[in-house]
file my_file00.txt (compact mmCIF, C-alpha atoms)
# COMPACT_ATOMS: atom_id res chain seq x y z
CA MET L 6 8.51 2.78 -29.34
CA LYS L 7 8.64 6.41 -30.42
CA ARG L 8 5.79 5.87 -32.84
CA GLY L 9 3.80 4.23 -30.08
CA LEU L 10 4.35 7.22 -27.82
CA LEU L 11 3.39 9.60 -30.60
CA LEU L 12 0.21 7.65 -31.20
CA VAL L 13 -0.67 7.67 -27.51
CA GLY L 14 -0.03 11.42 -27.47
CA LEU L 15 -2.29 11.98 -30.47
CA LEU L 16 -5.03 9.83 -29.01
CA LEU L 17 -4.90 11.72 -25.73
CA ALA L 18 -4.88 15.05 -27.49
CA SER L 19 -7.81 14.16 -29.68
CA ALA L 20 -9.87 12.47 -26.96
CA GLN L 21 -9.81 15.40 -24.58
CA PRO L 22 -8.99 18.96 -25.57
CA GLY L 23 -8.16 19.82 -21.96
CA TRP L 24 -6.11 16.67 -21.44
CA ALA L 25 -3.22 18.41 -19.71
CA GLU L 26 -5.37 19.38 -16.76
CA ILE L 27 -4.96 16.91 -13.91
CA ALA L 28 -6.16 18.90 -10.89
CA ARG L 29 -7.59 22.23 -9.85
CA ILE L 30 -6.55 24.44 -6.97
CA LYS L 31 -9.41 24.86 -4.50
CA ARG L 32 -7.77 27.10 -1.97
CA SER L 33 -4.57 29.09 -1.74
CA ALA L 34 -3.56 31.28 1.22
CA GLY L 35 -0.37 33.10 2.19
CA THR L 36 2.70 32.77 0.00
CA THR L 37 2.15 30.09 -2.66
CA ALA L 38 3.48 29.36 -6.13
CA VAL L 39 3.26 26.74 -8.85
CA GLU L 40 6.54 26.22 -10.67
CA ARG L 41 6.10 25.05 -14.27
CA GLY L 42 9.45 24.70 -16.02
CA LYS L 43 11.06 28.11 -15.59
CA ALA L 44 7.75 29.87 -14.95
CA ARG L 45 6.61 30.72 -11.44
CA LEU L 46 2.83 31.03 -11.43
CA THR L 47 0.45 32.25 -8.75
CA PRO L 48 -2.35 29.79 -8.05
CA ALA L 49 -5.91 30.91 -7.30
CA PRO L 50 -9.04 28.76 -6.97
CA GLY L 51 -9.68 27.11 -10.35
CA PHE L 52 -6.00 27.19 -11.40
CA GLN L 53 -5.32 24.06 -13.47
CA ILE L 54 -2.41 21.83 -12.47
CA GLN L 55 -0.42 19.91 -15.11
CA PRO L 56 1.94 16.93 -14.76
CA GLY L 57 5.40 18.11 -13.69
CA ASP L 58 4.11 21.12 -11.74
CA VAL L 59 5.81 21.87 -8.42
CA LEU L 60 3.68 23.18 -5.55
CA VAL L 61 5.61 25.59 -3.33
CA THR L 62 4.52 27.35 -0.12
CA GLY L 63 6.23 29.89 2.14
CA LYS L 64 6.14 29.86 5.92
CA ASP L 65 2.58 31.25 5.99
CA GLY L 66 1.43 29.40 2.86
CA GLN L 67 -1.05 26.60 2.32
CA MET L 68 -3.05 25.28 -0.60
CA SER L 69 -5.46 22.52 -1.47
CA LEU L 70 -6.37 20.78 -4.70
CA THR L 71 -8.52 17.98 -6.08
CA PHE L 72 -7.30 15.73 -8.91
CA ILE L 73 -9.48 14.41 -11.73
CA ASP L 74 -9.30 10.91 -10.20
CA ASP L 75 -10.80 12.30 -6.92
CA THR L 76 -7.45 12.35 -5.07
CA ARG L 77 -7.29 15.32 -2.70
CA PHE L 78 -4.18 17.13 -1.46
CA ALA L 79 -3.57 19.69 1.27
CA VAL L 80 -0.13 21.30 1.20
CA GLY L 81 1.19 22.80 4.45
CA PRO L 82 3.60 25.69 5.05
CA ASN L 83 7.28 25.63 3.97
CA SER L 84 6.64 22.89 1.44
CA ARG L 85 7.98 21.84 -1.92
CA ILE L 86 5.93 19.10 -3.56
CA SER L 87 6.24 17.99 -7.15
CA VAL L 88 3.61 16.10 -9.11
CA ASP L 89 6.12 14.10 -11.15
CA GLN L 90 3.77 11.78 -12.98
CA PHE L 91 0.02 11.61 -13.42
CA ASP L 92 -1.45 9.44 -16.16
CA TYR L 93 -5.14 8.77 -15.85
CA ASN L 94 -7.70 7.32 -18.19
CA ARG L 95 -11.11 8.71 -17.25
CA THR L 96 -12.88 5.90 -19.09
CA THR L 97 -11.15 2.96 -17.38
CA GLN L 98 -10.31 4.92 -14.19
CA ALA L 99 -6.82 3.39 -14.15
CA GLY L 100 -3.49 5.17 -14.12
CA THR L 101 -0.21 5.93 -12.40
CA PHE L 102 0.58 8.75 -10.02
CA LEU L 103 3.93 9.76 -8.50
CA THR L 104 4.32 12.70 -6.14
CA SER L 105 7.51 13.82 -4.37
CA VAL L 106 7.38 15.51 -1.00
CA ASN L 107 10.78 17.19 -1.08
CA ARG L 108 10.10 19.37 1.96
CA GLY L 109 7.20 20.28 4.24
CA SER L 110 3.91 18.49 4.69
CA LEU L 111 1.24 16.90 2.55
CA ALA L 112 -2.13 15.44 3.55
CA VAL L 113 -3.62 13.00 1.05
CA ILE L 114 -6.98 11.32 0.55
CA SER L 115 -6.41 8.89 -2.29
CA GLY L 116 -8.75 8.47 -5.26
CA GLN L 117 -9.37 6.19 -8.25
CA ILE L 118 -5.74 5.68 -9.32
CA ALA L 119 -4.78 4.16 -5.95
CA LYS L 120 -7.73 1.77 -6.34
CA SER L 121 -6.85 0.76 -9.90
CA ARG L 122 -3.81 -1.41 -9.18
CA GLN L 123 -1.53 -2.11 -6.21
CA ASP L 124 0.97 0.73 -5.80
CA ALA L 125 -0.31 2.60 -8.87
CA MET L 126 -0.01 5.67 -6.64
CA LYS L 127 3.36 6.34 -5.08
CA VAL L 128 4.75 9.08 -2.87
CA ARG L 129 8.48 9.75 -2.69
CA THR L 130 10.28 11.49 0.17
CA PRO L 131 14.03 12.24 0.24
CA THR L 132 14.55 8.99 2.19
CA SER L 133 11.74 6.68 1.11
CA LEU L 134 9.22 5.51 -1.44
CA LEU L 135 5.63 4.78 -0.40
CA GLY L 136 2.92 2.77 -2.15
CA VAL L 137 -0.56 4.10 -1.44
CA ARG L 138 -3.27 1.49 -0.97
CA GLY L 139 -6.41 3.55 -0.64
CA THR L 140 -6.43 5.76 2.42
CA LYS L 141 -5.94 9.07 4.21
CA PHE L 142 -2.52 10.01 5.50
CA ILE L 143 -0.02 12.78 6.18
CA VAL L 144 3.61 12.80 5.03
CA GLU L 145 5.92 15.23 6.85
CA VAL L 146 9.47 16.04 5.75
CA PRO L 147 11.04 18.51 8.20
CA LYS L 148 13.98 20.60 7.06
CA MET Y 8 14.74 -1.90 31.02
CA SER Y 9 15.55 1.77 31.50
CA ARG Y 10 17.82 1.60 28.48
CA VAL Y 11 14.98 0.23 26.38
CA LEU Y 12 12.71 3.03 27.58
CA LEU Y 13 15.39 5.58 26.80
CA VAL Y 14 15.72 4.24 23.26
CA ILE Y 15 11.95 4.31 22.81
CA ALA Y 16 11.79 7.85 24.14
CA ALA Y 17 14.58 8.96 21.81
CA THR Y 18 12.87 7.32 18.83
CA GLY Y 19 9.65 9.02 19.83
CA LEU Y 20 11.31 12.41 19.95
CA LEU Y 21 12.89 11.89 16.56
CA ALA Y 22 9.65 10.72 14.97
CA GLY Y 23 7.84 13.62 16.59
CA CYS Y 24 9.91 16.37 15.04
CA ALA Y 25 13.13 15.84 13.18
CA THR Y 26 12.66 12.84 10.90
CA PRO Y 27 10.35 12.41 7.93
CA SER Y 28 7.24 10.54 8.96
CA LEU Y 29 4.04 8.96 7.73
CA THR Y 30 0.85 9.41 9.76
CA LEU Y 31 -1.90 6.99 8.76
CA LEU Y 32 -5.47 8.08 9.54
CA PRO Y 33 -8.91 6.47 9.24
CA SER Y 34 -10.43 7.10 5.81
CA GLU Y 35 -13.72 8.94 5.50
CA GLU Y 36 -15.56 5.83 4.37
CA GLY Y 37 -14.16 4.00 7.38
CA LYS Y 38 -12.59 1.43 5.08
CA GLN Y 39 -9.33 -0.27 5.94
CA GLY Y 40 -6.53 1.47 4.09
CA ALA Y 41 -2.79 0.96 4.05
CA VAL Y 42 0.45 2.52 2.89
CA ALA Y 43 3.41 0.32 1.98
CA VAL Y 44 6.97 1.45 2.58
CA LEU Y 45 8.67 0.18 -0.60
CA GLU Y 46 12.10 1.77 -0.21
CA GLU Y 47 13.96 3.34 2.65
CA ASN Y 48 17.35 5.05 2.34
CA GLY Y 49 17.75 3.58 -1.13
CA ARG Y 50 17.13 -0.01 0.02
CA ALA Y 51 14.08 -2.02 -0.96
CA VAL Y 52 11.93 -2.82 2.05
CA ASP Y 53 8.57 -4.47 2.22
CA MET Y 54 6.58 -3.09 5.09
CA VAL Y 55 2.85 -2.48 5.01
CA VAL Y 56 1.51 0.08 7.47
CA SER Y 57 -2.14 -0.75 8.06
CA GLU Y 58 -2.59 0.38 11.67
CA LEU Y 59 -4.87 3.41 11.62
CA ASN Y 60 -3.92 6.29 13.88
CA SER Y 61 -0.24 5.45 13.72
CA ARG Y 62 3.01 7.17 12.88
CA THR Y 63 5.92 5.57 11.03
CA ASN Y 64 9.37 7.13 10.75
CA LEU Y 65 10.67 7.31 7.18
CA SER Y 66 14.40 7.24 7.77
CA GLY Y 67 16.44 4.65 9.59
CA SER Y 68 14.51 1.43 10.15
CA PRO Y 69 10.81 2.11 9.74
CA ARG Y 70 8.81 1.48 12.90
CA THR Y 71 5.11 2.09 13.45
CA ARG Y 72 3.74 3.46 16.71
CA SER Y 73 0.16 4.16 17.76
CA ILE Y 74 -0.86 7.77 18.21
CA ASP Y 75 -3.79 9.30 20.01
CA PRO Y 76 -6.01 10.76 17.26
CA SER Y 77 -7.24 13.44 19.68
CA LYS Y 78 -3.67 14.66 20.10
CA LEU Y 79 -2.65 15.49 16.54
CA SER Y 80 -0.40 18.56 16.39
CA ALA Y 81 -1.89 21.97 15.58
CA ARG Y 82 -0.02 21.84 12.25
CA GLN Y 83 -1.53 18.48 11.36
CA LEU Y 84 -5.03 19.62 12.30
CA ALA Y 85 -4.62 22.77 10.19
CA LEU Y 86 -3.44 20.62 7.29
CA LEU Y 87 -6.42 18.26 7.53
CA GLN Y 88 -8.82 21.21 7.68
CA THR Y 89 -7.32 22.49 4.43
CA LEU Y 90 -8.27 19.29 2.54
CA PRO Y 91 -10.99 19.90 -0.07
CA PRO Y 92 -14.44 18.39 0.59
CA PRO Y 93 -15.22 15.00 -1.01
CA PRO Y 94 -16.60 15.20 -4.56
CA ALA Y 95 -20.40 15.35 -4.79
CA ARG Y 96 -22.13 12.90 -7.12
CA LEU Y 97 -25.61 12.88 -8.58
CA THR Y 98 -27.21 10.32 -10.87
CA LEU Y 99 -29.57 11.77 -13.47
CA TYR Y 100 -32.24 9.95 -15.47
CA PHE Y 101 -33.69 11.27 -18.71
CA GLN Y 102 -36.94 10.99 -20.57
CA GLU Y 103 -36.53 8.15 -23.05
CA GLY Y 104 -34.36 9.16 -26.00
CA THR Y 105 -34.01 12.82 -24.89
CA THR Y 106 -31.74 14.98 -22.76
CA ARG Y 107 -34.76 16.24 -20.80
CA LEU Y 108 -34.54 15.25 -17.15
CA THR Y 109 -37.29 13.06 -15.73
CA PRO Y 110 -39.51 14.96 -13.23
CA GLU Y 111 -37.77 13.06 -10.40
CA SER Y 112 -34.34 14.18 -11.60
CA ALA Y 113 -35.28 17.81 -12.30
CA PRO Y 114 -34.47 19.17 -8.81
CA GLY Y 115 -30.96 17.76 -9.32
CA LEU Y 116 -30.06 20.77 -11.41
CA ASP Y 117 -30.45 23.13 -8.46
CA PHE Y 118 -28.39 20.76 -6.34
CA LEU Y 119 -25.58 20.83 -8.93
CA LYS Y 120 -25.65 24.60 -9.23
CA ALA Y 121 -25.47 24.96 -5.43
CA GLU Y 122 -22.53 22.52 -5.23
CA VAL Y 123 -20.64 24.45 -7.90
CA ARG Y 124 -21.32 27.77 -6.11
CA GLU Y 125 -20.05 26.41 -2.81
CA ARG Y 126 -16.83 25.03 -4.30
CA PRO Y 127 -14.34 27.64 -5.46
CA GLY Y 128 -12.39 26.28 -8.41
CA ALA Y 129 -15.00 23.58 -9.09
CA GLU Y 130 -14.58 21.00 -11.85
CA VAL Y 131 -17.57 19.06 -13.16
CA GLN Y 132 -17.38 15.63 -14.81
CA VAL Y 133 -20.38 14.32 -16.71
CA THR Y 134 -20.07 10.53 -16.98
CA GLY Y 135 -22.28 8.44 -19.26
CA TYR Y 136 -23.07 4.76 -18.66
CA THR Y 137 -24.91 2.21 -20.83
CA ASP Y 138 -26.53 -1.16 -20.31
CA THR Y 139 -24.88 -4.30 -21.73
CA LEU Y 140 -26.80 -4.38 -25.02
CA GLY Y 141 -24.34 -4.04 -27.92
CA SER Y 142 -20.56 -4.32 -28.02
CA ALA Y 143 -18.31 -2.84 -25.34
CA ASP Y 144 -16.68 -0.48 -27.88
CA ASP Y 145 -20.03 0.74 -29.20
CA ASN Y 146 -21.16 1.33 -25.63
CA ASP Y 147 -18.04 3.38 -24.87
CA ALA Y 148 -18.86 5.59 -27.85
CA LEU Y 149 -22.57 5.72 -27.01
CA SER Y 150 -21.96 6.70 -23.38
CA GLN Y 151 -19.45 9.36 -24.47
CA ARG Y 152 -22.02 10.88 -26.86
CA ARG Y 153 -24.68 10.74 -24.18
CA ALA Y 154 -22.36 12.50 -21.71
CA GLU Y 155 -21.57 15.21 -24.27
CA GLU Y 156 -25.27 15.79 -24.95
CA VAL Y 157 -25.99 16.10 -21.25
CA LEU Y 158 -23.01 18.42 -20.81
CA SER Y 159 -24.51 20.71 -23.45
CA ALA Y 160 -27.91 20.52 -21.82
CA LEU Y 161 -26.41 21.44 -18.44
CA ALA Y 162 -24.53 24.34 -20.07
CA ASP Y 163 -27.84 25.56 -21.54
CA GLN Y 164 -29.25 25.43 -18.02
CA GLY Y 165 -26.57 27.78 -16.77
CA LEU Y 166 -23.63 25.59 -15.69
CA ASP Y 167 -20.30 26.98 -16.90
CA ARG Y 168 -19.19 24.92 -19.91
CA THR Y 169 -15.49 25.59 -19.32
CA MET Y 170 -15.52 23.74 -15.99
CA MET Y 171 -17.15 20.61 -17.46
CA ASN Y 172 -15.75 17.41 -19.00
CA ALA Y 173 -17.66 14.59 -20.68
CA VAL Y 174 -16.57 10.97 -20.09
CA GLY Y 175 -18.06 7.71 -21.37
CA ARG Y 176 -17.65 4.63 -19.16
CA GLY Y 177 -19.77 2.37 -21.33
CA GLU Y 178 -20.92 -0.79 -19.58
CA ARG Y 179 -18.39 -0.61 -16.73
CA GLU Y 180 -19.81 -0.20 -13.21
CA LEU Y 181 -23.32 -1.47 -13.92
CA ARG Y 182 -25.85 -0.20 -11.41
CA VAL Y 183 -27.89 -3.37 -11.87
CA LYS Y 184 -25.71 -6.41 -12.59
CA THR Y 185 -26.85 -8.22 -15.72
CA GLU Y 186 -25.53 -10.69 -18.27
CA ASP Y 187 -24.10 -9.33 -21.51
CA GLY Y 188 -26.67 -8.14 -24.06
CA VAL Y 189 -29.40 -7.15 -21.60
CA ARG Y 190 -31.59 -4.03 -21.84
CA GLU Y 191 -31.72 -2.37 -18.41
CA PRO Y 192 -32.97 1.24 -18.07
CA ALA Y 193 -31.35 1.62 -14.62
CA ASN Y 194 -27.94 1.13 -16.21
CA ARG Y 195 -28.53 3.80 -18.87
CA ARG Y 196 -27.69 6.81 -16.76
CA VAL Y 197 -25.49 9.84 -16.41
CA VAL Y 198 -23.59 10.64 -13.21
CA VAL Y 199 -22.47 14.20 -12.59
CA THR Y 200 -19.48 14.64 -10.28
CA VAL Y 201 -18.67 18.04 -8.80
CA ARG Y 202 -15.12 18.24 -7.47

call {"tool": "encode", "arguments": {"input": "my_file00.txt", "output": "structure tokens"}}
result
Amino acid sequence: MKRGLLLVGLLLASAQPGWAEIARIKRSAGTTAVERGKARLTPAPGFQIQPGDVLVTGKDGQMSLTFIDDTRFAVGPNSRISVDQFDYNRTTQAGTFLTSVNRGSLAVISGQIAKSRQDAMKVRTPTSLLGVRGTKFIVEVPK
Amino acid sequence: MSRVLLVIAATGLLAGCATPSLTLLPSEEGKQGAVAVLEENGRAVDMVVSELNSRTNLSGSPRTRSIDPSKLSARQLALLQTLPPPPARLTLYFQEGTTRLTPESAPGLDFLKAEVRERPGAEVQVTGYTDTLGSADDNDALSQRRAEEVLSALADQGLDRTMMNAVGRGERELRVKTEDGVREPANRRVVVTVR
């Protein structure tokens, strides 16, 4: 199992030098941050998102991003949204995608991952788990 | 009757502000989409929301109600306006055995440059495709090489190399459906996506 994971890691690393990039910020306004581990980074257009990143906005903040599978996000004010899992094979266009809307609002237009398999893309809220089947929607989690 | 109305009104109020909710909207392509509620409050549920222009509460028992799409809240409208534009795609054809664009495809370069300029934080994917001649594995490798060559050619033409990625999709997604082992120039192409 460990060896398998290592092999997958090596294959990914060798296939694409920029493999950690899963999305790019297109717009960022007001108070916004990307939390990566203990680091708190300031996103600007072109900022590259990695799996595990947490998108945070203040009361005047908003940001938008497009993923490498064509999924698009808009993050509203007072939000905390973590991209928990994003595995995507650009050759087969299949993968898995899990996002948590812990607080605030998120608009989504789904992309290739949602098309690849039923419920390959999921969105978690504090009270529910959603399976995305190819569409445009808004998830709101008030305080 | 009045009690029922009261309950509906109360549910409406809750869904409108205090509880987490899902708002399902028509997709840009106008295709039928859906979102399934798989779990609610830690319990497995199996509810598929497929009614467009609807709102579903995401705590308590999920229930879907129609909404008037012309009456989305100011916050929701602002959120939708923040969404990035759809990716732009352009199919390029090349002079046989070269990375020189055919005369018909040449204006495409200006189109790509304009798309990149108009999209702050743009990312460009160069995707190669083959016909069905040869093995699937060989075609994956061939289309990857082709995409890398085109990426270099685009970089020479002034597109920023650091924003580009090369991908080979081999004989998946044939433009012209054929049997295996068939030469088909229309399938030997490169698609450039600007996100």

call {"tool": "interface_residues", "arguments": {"input": "my_file00.txt", "of": "chain Y", "to": "chain L", "cutoff": "9 Å", "atoms": "only C-alpha atoms", "output": "mmCIF file with C-alpha atoms, in the frame of the given file"}}
result
data_model
loop_
_atom_site.group_PDB
_atom_site.id
_atom_site.type_symbol
_atom_site.label_atom_id
_atom_site.label_comp_id
_atom_site.auth_asym_id
_atom_site.auth_seq_id
_atom_site.Cartn_x
_atom_site.Cartn_y
_atom_site.Cartn_z
ATOM 1 C CA CYS Y 24 9.910 16.370 15.040
ATOM 2 C CA ALA Y 25 13.130 15.840 13.180
ATOM 3 C CA THR Y 26 12.660 12.840 10.900
ATOM 4 C CA PRO Y 27 10.350 12.410 7.930
ATOM 5 C CA SER Y 28 7.240 10.540 8.960
ATOM 6 C CA LEU Y 29 4.040 8.960 7.730
ATOM 7 C CA THR Y 30 0.850 9.410 9.760
ATOM 8 C CA LEU Y 31 -1.900 6.990 8.760
ATOM 9 C CA LEU Y 32 -5.470 8.080 9.540
ATOM 10 C CA PRO Y 33 -8.910 6.470 9.240
ATOM 11 C CA SER Y 34 -10.430 7.100 5.810
ATOM 12 C CA GLU Y 35 -13.720 8.940 5.500
ATOM 13 C CA LYS Y 38 -12.590 1.430 5.080
ATOM 14 C CA GLN Y 39 -9.330 -0.270 5.940
ATOM 15 C CA GLY Y 40 -6.530 1.470 4.090
ATOM 16 C CA ALA Y 41 -2.790 0.960 4.050
ATOM 17 C CA VAL Y 42 0.450 2.520 2.890
ATOM 18 C CA ALA Y 43 3.410 0.320 1.980
ATOM 19 C CA VAL Y 44 6.970 1.450 2.580
ATOM 20 C CA LEU Y 45 8.670 0.180 -0.600
ATOM 21 C CA GLU Y 46 12.100 1.770 -0.210
ATOM 22 C CA GLU Y 47 13.960 3.340 2.650
ATOM 23 C CA ASN Y 48 17.350 5.050 2.340
ATOM 24 C CA GLY Y 49 17.750 3.580 -1.130
ATOM 25 C CA ARG Y 50 17.130 -0.010 0.020
ATOM 26 C CA ALA Y 51 14.080 -2.020 -0.960
ATOM 27 C CA VAL Y 55 2.850 -2.480 5.010
ATOM 28 C CA LEU Y 65 10.670 7.310 7.180
ATOM 29 C CA SER Y 66 14.400 7.240 7.770
ATOM 30 C CA GLY Y 67 16.440 4.650 9.590
ATOM 31 C CA ARG Y 82 -0.020 21.840 12.250
ATOM 32 C CA GLN Y 83 -1.530 18.480 11.360
ATOM 33 C CA ALA Y 85 -4.620 22.770 10.190
ATOM 34 C CA LEU Y 86 -3.440 20.620 7.290
ATOM 35 C CA LEU Y 87 -6.420 18.260 7.530
ATOM 36 C CA GLN Y 88 -8.820 21.210 7.680
ATOM 37 C CA THR Y 89 -7.320 22.490 4.430
ATOM 38 C CA LEU Y 90 -8.270 19.290 2.540
ATOM 39 C CA PRO Y 91 -10.990 19.900 -0.070
ATOM 40 C CA PRO Y 92 -14.440 18.390 0.590
ATOM 41 C CA PRO Y 93 -15.220 15.000 -1.010
ATOM 42 C CA PRO Y 94 -16.600 15.200 -4.560
ATOM 43 C CA ARG Y 126 -16.830 25.030 -4.300
ATOM 44 C CA PRO Y 127 -14.340 27.640 -5.460
ATOM 45 C CA GLY Y 128 -12.390 26.280 -8.410
ATOM 46 C CA ALA Y 129 -15.000 23.580 -9.090
ATOM 47 C CA GLU Y 130 -14.580 21.000 -11.850
ATOM 48 C CA GLN Y 132 -17.380 15.630 -14.810
ATOM 49 C CA THR Y 134 -20.070 10.530 -16.980
ATOM 50 C CA ASP Y 147 -18.040 3.380 -24.870
ATOM 51 C CA MET Y 170 -15.520 23.740 -15.990
ATOM 52 C CA ASN Y 172 -15.750 17.410 -19.000
ATOM 53 C CA ALA Y 173 -17.660 14.590 -20.680
ATOM 54 C CA VAL Y 174 -16.570 10.970 -20.090
ATOM 55 C CA GLY Y 175 -18.060 7.710 -21.370
ATOM 56 C CA ARG Y 176 -17.650 4.630 -19.160
ATOM 57 C CA GLY Y 177 -19.770 2.370 -21.330
ATOM 58 C CA ARG Y 179 -18.390 -0.610 -16.730
ATOM 59 C CA ARG Y 202 -15.120 18.240 -7.470
#

call {"tool": "residues_near_point", "arguments": {"input": "my_file00.txt", "point": "(-1.9, 5.1, 14.8)", "cutoff": "9 Å", "atoms": "all atoms listed in the file", "output": "VMD selection string"}}
result
chain Y and resid 30 to 32 57 to 63 71 to 76

call {"tool": "atom_distance", "arguments": {"input": "my_file00.txt", "atom1": "CA of Val157 in chain Y", "atom2": "CA of Thr101 in chain L"}}
result
29.1 Å

call {"tool": "residues_near_point", "arguments": {"input": "my_file00.txt", "point": "(-27.1, 1.4, -23.7)", "cutoff": "7 Å", "atoms": "only C-alpha atoms", "output": "PyMOL selection string"}}
result
chain Y and resi 137-140+146+195

call {"tool": "axis_aligned_box", "arguments": {"input": "my_file00.txt", "around": "range 192-201 of chain Y", "padding_each_side": "3 Å", "output": "lines of an AutoDock Vina configuration file"}}
result
center_x = -25.8
center_y = 9.6
center_z = -13.8
size_x = 20.3
size_y = 22.9
size_z = 16.1

call {"tool": "closest_residue", "arguments": {"input": "my_file00.txt", "among": "Y:Arg124, Y:Arg190, Y:Arg196, Y:Arg153", "to": "Leu166 in chain Y", "atoms": "all atoms listed in the file"}}
result
Y:Arg124

call {"tool": "atom_distance", "arguments": {"input": "my_file00.txt", "atom1": "CA of Arg122 in chain L", "atom2": "CA of Ser142 in chain Y"}}
result
25.4 Å

call {"tool": "atom_distance", "arguments": {"input": "my_file00.txt", "atom1": "CA of Val201 in chain Y", "atom2": "CA of Glu125 in chain Y"}}
result
10.4 Å

call {"tool": "residues_around", "arguments": {"input": "my_file00.txt", "residues": "Thr104 in chain L", "least_positions_apart": "6", "cutoff": "6 Å", "atoms": "only C-alpha atoms", "output": "MDAnalysis selection string"}}
result
chainID L and resid 87:89 128

call {"tool": "residues_around", "arguments": {"input": "my_file00.txt", "residues": "Gln102 in chain Y", "least_positions_apart": "6", "cutoff": "12 Å", "atoms": "all atoms listed in the file", "output": "PDB file with C-alpha atoms, in the coordinates of the input"}}
result
ATOM      1  CA  LEU Y 108     -34.540  15.250 -17.150  1.00  0.00           C
ATOM      2  CA  THR Y 109     -37.290  13.060 -15.730  1.00  0.00           C
ATOM      3  CA  PRO Y 110     -39.510  14.960 -13.230  1.00  0.00           C
ATOM      4  CA  GLU Y 111     -37.770  13.060 -10.400  1.00  0.00           C
ATOM      5  CA  SER Y 112     -34.340  14.180 -11.600  1.00  0.00           C
ATOM      6  CA  ALA Y 113     -35.280  17.810 -12.300  1.00  0.00           C
ATOM      7  CA  PRO Y 192     -32.970   1.240 -18.070  1.00  0.00           C
ATOM      8  CA  ARG Y 195     -28.530   3.800 -18.870  1.00  0.00           C
ATOM      9  CA  ARG Y 196     -27.690   6.810 -16.760  1.00  0.00           C
TER      10      ARG Y 196
END

call {"tool": "residues_around", "arguments": {"input": "my_file00.txt", "residues": "Ala99 in chain L", "least_positions_apart": "4", "cutoff": "6 Å", "atoms": "all atoms listed in the file", "output": "JSON, numbers by chain"}}
result
{"L": [93, 94, 118, 121]}

call {"tool": "build_atoms", "arguments": {"input": "my_file00.txt", "residues": "range 60-72 of chain Y", "atoms": "N, CA and C atoms", "output": "compact mmCIF listing (two decimals), in the coordinates of the input"}}
result
# COMPACT_ATOMS: atom_id res chain seq x y z
N ASN Y 60 -4.40 5.47 12.78
CA ASN Y 60 -3.92 6.29 13.88
C ASN Y 60 -2.54 5.82 14.34
N SER Y 61 -1.61 5.85 13.41
CA SER Y 61 -0.24 5.45 13.72
C SER Y 61 0.73 6.39 13.01
N ARG Y 62 1.95 6.41 13.54
CA ARG Y 62 3.01 7.17 12.88
C ARG Y 62 4.19 6.26 12.63
N THR Y 63 4.78 6.39 11.42
CA THR Y 63 5.92 5.57 11.03
C THR Y 63 7.04 6.49 10.61
N ASN Y 64 8.24 6.30 11.18
CA ASN Y 64 9.37 7.13 10.75
C ASN Y 64 9.85 6.67 9.39
N LEU Y 65 10.28 7.63 8.56
CA LEU Y 65 10.67 7.31 7.18
C LEU Y 65 12.15 7.49 6.94
N SER Y 66 12.96 7.37 7.99
CA SER Y 66 14.40 7.24 7.77
C SER Y 66 14.92 6.37 8.90
N GLY Y 67 16.03 5.70 8.66
CA GLY Y 67 16.44 4.65 9.59
C GLY Y 67 15.52 3.47 9.35
N SER Y 68 15.42 2.57 10.34
CA SER Y 68 14.51 1.43 10.15
C SER Y 68 13.09 1.88 10.45
N PRO Y 69 12.17 1.66 9.50
CA PRO Y 69 10.81 2.11 9.74
C PRO Y 69 10.17 1.36 10.91
N ARG Y 70 9.51 2.11 11.79
CA ARG Y 70 8.81 1.48 12.90
C ARG Y 70 7.50 2.23 13.10
N THR Y 71 6.44 1.48 13.32
CA THR Y 71 5.11 2.09 13.45
C THR Y 71 4.70 2.14 14.91
N ARG Y 72 4.24 3.31 15.34
CA ARG Y 72 3.74 3.46 16.71
C ARG Y 72 2.32 4.01 16.66
